[in-house]
There are 2 protein chains.
Amino acid sequence: MIQQNIKIAVDAIVFGYSNNTLNVLLIKQKYGVLENQWALVGGFVKDNEGLQDAVVRELKEEAGIDVDYLEQLYTFGDDVKRDPRFHVVSVAYFALVNNSVFTLIADTDAADARWFPVNNLPDLAFDHKAIIDLSIKRLQSKLSYQPIGFDLLSASFLFSELENLYCTILEKEIDRRNFRKKVLNFGFVEETNKFAPQKSGRPAKLFKFNHKKYRKLVEDGFVFEIKFA
Amino acid sequence: MIQQNIKIAVDAIVFGYSNNTLNVLLIKQKYGVLENQWALVGGFVKDNEGLQDAVVRELKEEAGIDVDYLEQLYTFGDDVKRDPRFHVVSVAYFALVNNSVFTLIADTDAADARWFPVNNLPDLAFDHKAIIDLSIKRLQSKLSYQPIGFDLLSASFLFSELENLYCTILEKEIDRRNFRKKVLNFGFVEETNKFAPQKSGRPAKLFKFNHKKYRKLVEDGFVFEIKFA
DNA sequence: TATATTTGCGTATCCAATACGCATACTAAT
DNA sequence: ATTAGTATGCGTATTGGATACGCAAATATA
């Protein structure tokens, strides 16, 4: 049997969107080496535990949440000193939660969990800042060719919310009217008969993302894509 | 210190292109558990060795090559029994070699190395078949938004070769004339004053991919993209 | 009643992708 | 020689989707 002194960890970069701001979930552990240090949700993989299972477990233990979207991002292990204690390879996962989860984050036994706006992050443990930077790039590019923006909103949402989400995350100006036309043309974003609680201006209909219709379209060869000049 | 009985390995999926065929590099190890079994190039990461360093080392040891393109593909570790002996997480890397490397592969001390056409693979060790399938999908999609096709050809190449490469890998028909127009329009594929050894038909100029020009264009905001109906 | 504000729909324009015609330059066969 | 065959290289017409706008509708507020 091979002798090897490398540990495997997983980390989760969880994004939430609220009030026109993109946020990342960070935790401050109550005990251990990372006490008093903000860090990504994560920890060591257990023997006979799958990687994704490990992430799901850590998300539950440390932040008390289930996420809406989860995919592997990248495995960090080129710098053997990224953890100063010993050689750790970390498999980072990219996760999204919708607005209702966003509002419900609470501290757990293990850690203090909080949302931080991506452009106002505290000092972070290890190379977690670099990992978050990579995730943001991934989120930006994914937004263009996969309908993951909907995972950051509530089940029903306003067009202006969807539009602002794209604007703020991609840091681009987009034409409201052309955006609407294009998205409605896809056919999987449907208007409901409900209206949003009134603010100012003309009352706005609530819309829904029809997952079933989207899957069907993809099966028939549809390729999602949203671009801006 | 944490106790953990998981091993970390790396695997490389190396693609080569020749005679209108996409090939994968496989090895049959001369000793050990994988004797007489075709498998991807790979092995366990050493203590205090970076992941990418490990891949580069294995490629040299087992196949005697340096690759032209290398990037992390995916980390396989959801199935804790993917290696029946013990729990192994494998970080898979995606690699490309150009035509001159392709012709030079030789057996090494460690293993017998051979190219196999992707549509005619032998039985493979572990989950290596699934890993290759994923790589092919990655190659197909990368071809559309990164100029990696050039890494599979010689330094100078015919337009028909580039064209066939796209056709065979993407399994699509494309209009020769429009393809040529589009690629030349990019500005980083330049004609040389050399001609290819004559076959039949009108003599064809050799072309080159100008890396420097490409990088400059990208800096100025150029986004590579090649699509087919 | 006027003003501000946001929503929702429609049309004109333009550019890049597509479809396709055809001359060119060679080899090979008769 | 002449003809057929083959692959290269260049050009133009068409079109469909992205872009740029104009503007009416429906509410709150002053």
# chains A, B, ... in the order shown; residues from 1 in each chain; ligands from 1
>>> interface_residues(of="chain D", to="chain A", cutoff="6 Å", atoms="only C-alpha atoms (C1' of nucleotides)", output="MDAnalysis selection string")
chainID D and resid 26:28
>>> write_last_selection(atoms="N, CA and C atoms (P, O5', C5', C4', C3', O3' and C1' of nucleotides)", output="PDB file, in the first residue's frame")
ATOM      1  P    DA D  26     -53.254  50.388 -19.035  1.00  0.00           P
ATOM      2  O5'  DA D  26     -52.574  50.576 -17.605  1.00  0.00           O
ATOM      3  C5'  DA D  26     -51.686  49.567 -17.128  1.00  0.00           C
ATOM      4  C4'  DA D  26     -51.036  50.054 -15.847  1.00  0.00           C
ATOM      5  C3'  DA D  26     -52.008  50.663 -14.835  1.00  0.00           C
ATOM      6  O3'  DA D  26     -51.742  50.107 -13.555  1.00  0.00           O
ATOM      7  C1'  DA D  26     -50.201  52.125 -15.211  1.00  0.00           C
ATOM      8  P    DT D  27     -52.890  49.943 -12.504  1.00  0.00           P
ATOM      9  O5'  DT D  27     -52.505  51.070 -11.455  1.00  0.00           O
ATOM     10  C5'  DT D  27     -51.750  50.734 -10.344  1.00  0.00           C
ATOM     11  C4'  DT D  27     -50.550  51.657 -10.182  1.00  0.00           C
ATOM     12  C3'  DT D  27     -50.721  52.794  -9.187  1.00  0.00           C
ATOM     13  O3'  DT D  27     -50.678  52.306  -7.856  1.00  0.00           O
ATOM     14  C1'  DT D  27     -49.202  53.310 -10.980  1.00  0.00           C
ATOM     15  P    DA D  28     -50.872  53.220  -6.645  1.00  0.00           P
ATOM     16  O5'  DA D  28     -49.506  54.049  -6.624  1.00  0.00           O
ATOM     17  C5'  DA D  28     -48.334  53.502  -6.042  1.00  0.00           C
ATOM     18  C4'  DA D  28     -47.338  54.625  -5.813  1.00  0.00           C
ATOM     19  C3'  DA D  28     -47.745  55.595  -4.707  1.00  0.00           C
ATOM     20  O3'  DA D  28     -46.595  55.940  -3.948  1.00  0.00           O
ATOM     21  C1'  DA D  28     -47.552  56.776  -6.773  1.00  0.00           C
TER      22       DA D  28
END
>>> interface_residues(of="chain A", to="chain B", cutoff="6 Å", atoms="only C-alpha atoms", output="list in words")
Asn5, Asp47, Asn48, Gly50, Leu51, Gly77, Asp78, Asp79 and Val80 of chain A
>>> interface_residues(of="chain C", to="chain B", cutoff="12 Å", atoms="only C-alpha atoms (C1' of nucleotides)", output="list in words")
DA16, DA17, DT18, DA19, DC20, DG21, DT24, DA25, DC26, DT27 and DA28 of chain C
>>> select_by_dssp(residues="range 31-193 of chain B", states="alpha helix (DSSP H)", output="JSON, numbers by chain")
{"B": [51, 52, 53, 54, 55, 56, 57, 58, 99, 100, 101, 102, 128, 129, 130, 131, 132, 133, 134, 135, 136, 137, 138, 139, 140, 141, 142, 143, 144, 145, 159, 160, 161, 162, 163, 164, 165, 166, 167, 168, 169, 170, 176, 177, 178, 179, 180, 181, 182, 183, 184, 185, 186]}
>>> atom_distance(atom1="CA of Val56 in chain A", atom2="CA of Ala130 in chain A")
22.0 Å
>>> closest_residue(among="A:Val67, A:Phe222, A:Lys205, A:Phe116", to="Thr21 in chain A", atoms="only C-alpha atoms")
A:Phe116
>>> decode(residues="range 75-124 of chain B", atoms="C-alpha atoms", output="PDB file, in the first residue's frame")
ATOM      1  CA  THR B  75     -11.685  15.597  -9.904  1.00  0.00           C
ATOM      2  CA  PHE B  76     -13.226  12.170  -9.622  1.00  0.00           C
ATOM      3  CA  GLY B  77     -14.110  11.205  -6.110  1.00  0.00           C
ATOM      4  CA  ASP B  78     -17.831  10.708  -5.697  1.00  0.00           C
ATOM      5  CA  ASP B  79     -17.593   6.963  -6.023  1.00  0.00           C
ATOM      6  CA  VAL B  80     -15.433   5.787  -3.130  1.00  0.00           C
ATOM      7  CA  LYS B  81     -15.019   2.391  -4.804  1.00  0.00           C
ATOM      8  CA  ARG B  82     -13.820   3.621  -8.189  1.00  0.00           C
ATOM      9  CA  ASP B  83     -10.540   1.934  -7.339  1.00  0.00           C
ATOM     10  CA  PRO B  84     -11.507  -1.418  -5.791  1.00  0.00           C
ATOM     11  CA  ARG B  85      -8.325  -1.590  -3.683  1.00  0.00           C
ATOM     12  CA  PHE B  86      -8.890   1.525  -1.590  1.00  0.00           C
ATOM     13  CA  HIS B  87     -10.364   5.013  -1.567  1.00  0.00           C
ATOM     14  CA  VAL B  88      -8.659   7.060  -4.298  1.00  0.00           C
ATOM     15  CA  VAL B  89      -9.525  10.551  -5.440  1.00  0.00           C
ATOM     16  CA  SER B  90      -8.151  11.329  -8.863  1.00  0.00           C
ATOM     17  CA  VAL B  91      -7.546  14.739 -10.331  1.00  0.00           C
ATOM     18  CA  ALA B  92      -7.846  14.366 -14.100  1.00  0.00           C
ATOM     19  CA  TYR B  93      -5.942  16.594 -16.495  1.00  0.00           C
ATOM     20  CA  PHE B  94      -6.754  17.315 -20.109  1.00  0.00           C
ATOM     21  CA  ALA B  95      -3.771  17.478 -22.469  1.00  0.00           C
ATOM     22  CA  LEU B  96      -3.062  18.037 -26.150  1.00  0.00           C
ATOM     23  CA  VAL B  97       0.012  17.243 -28.213  1.00  0.00           C
ATOM     24  CA  ASN B  98       0.804  18.426 -31.701  1.00  0.00           C
ATOM     25  CA  ASN B  99       1.377  16.223 -34.658  1.00  0.00           C
ATOM     26  CA  SER B 100       5.153  15.957 -34.289  1.00  0.00           C
ATOM     27  CA  VAL B 101       4.880  14.662 -30.722  1.00  0.00           C
ATOM     28  CA  PHE B 102       2.152  12.345 -31.901  1.00  0.00           C
ATOM     29  CA  THR B 103       4.509  10.521 -34.220  1.00  0.00           C
ATOM     30  CA  LEU B 104       7.228  10.177 -31.574  1.00  0.00           C
ATOM     31  CA  ILE B 105       5.551   8.307 -28.742  1.00  0.00           C
ATOM     32  CA  ALA B 106       7.643   5.387 -27.582  1.00  0.00           C
ATOM     33  CA  ASP B 107       7.553   2.767 -24.851  1.00  0.00           C
ATOM     34  CA  THR B 108       9.349   3.681 -21.674  1.00  0.00           C
ATOM     35  CA  ASP B 109      10.863   1.639 -18.880  1.00  0.00           C
ATOM     36  CA  ALA B 110       7.614   1.879 -16.999  1.00  0.00           C
ATOM     37  CA  ALA B 111       5.024   1.214 -19.628  1.00  0.00           C
ATOM     38  CA  ASP B 112       3.984   0.408 -23.141  1.00  0.00           C
ATOM     39  CA  ALA B 113       2.398   3.545 -24.617  1.00  0.00           C
ATOM     40  CA  ARG B 114       0.107   3.630 -27.632  1.00  0.00           C
ATOM     41  CA  TRP B 115      -2.411   5.857 -29.401  1.00  0.00           C
ATOM     42  CA  PHE B 116      -5.979   4.652 -29.782  1.00  0.00           C
ATOM     43  CA  PRO B 117      -8.661   6.244 -31.961  1.00  0.00           C
ATOM     44  CA  VAL B 118     -11.358   7.561 -29.652  1.00  0.00           C
ATOM     45  CA  ASN B 119     -14.029   5.549 -31.416  1.00  0.00           C
ATOM     46  CA  ASN B 120     -12.103   2.327 -31.056  1.00  0.00           C
ATOM     47  CA  LEU B 121     -10.882   2.094 -27.473  1.00  0.00           C
ATOM     48  CA  PRO B 122      -9.849  -1.124 -25.743  1.00  0.00           C
ATOM     49  CA  ASP B 123     -11.222  -2.145 -22.349  1.00  0.00           C
ATOM     50  CA  LEU B 124      -9.982   0.285 -19.769  1.00  0.00           C
TER      51      LEU B 124
END
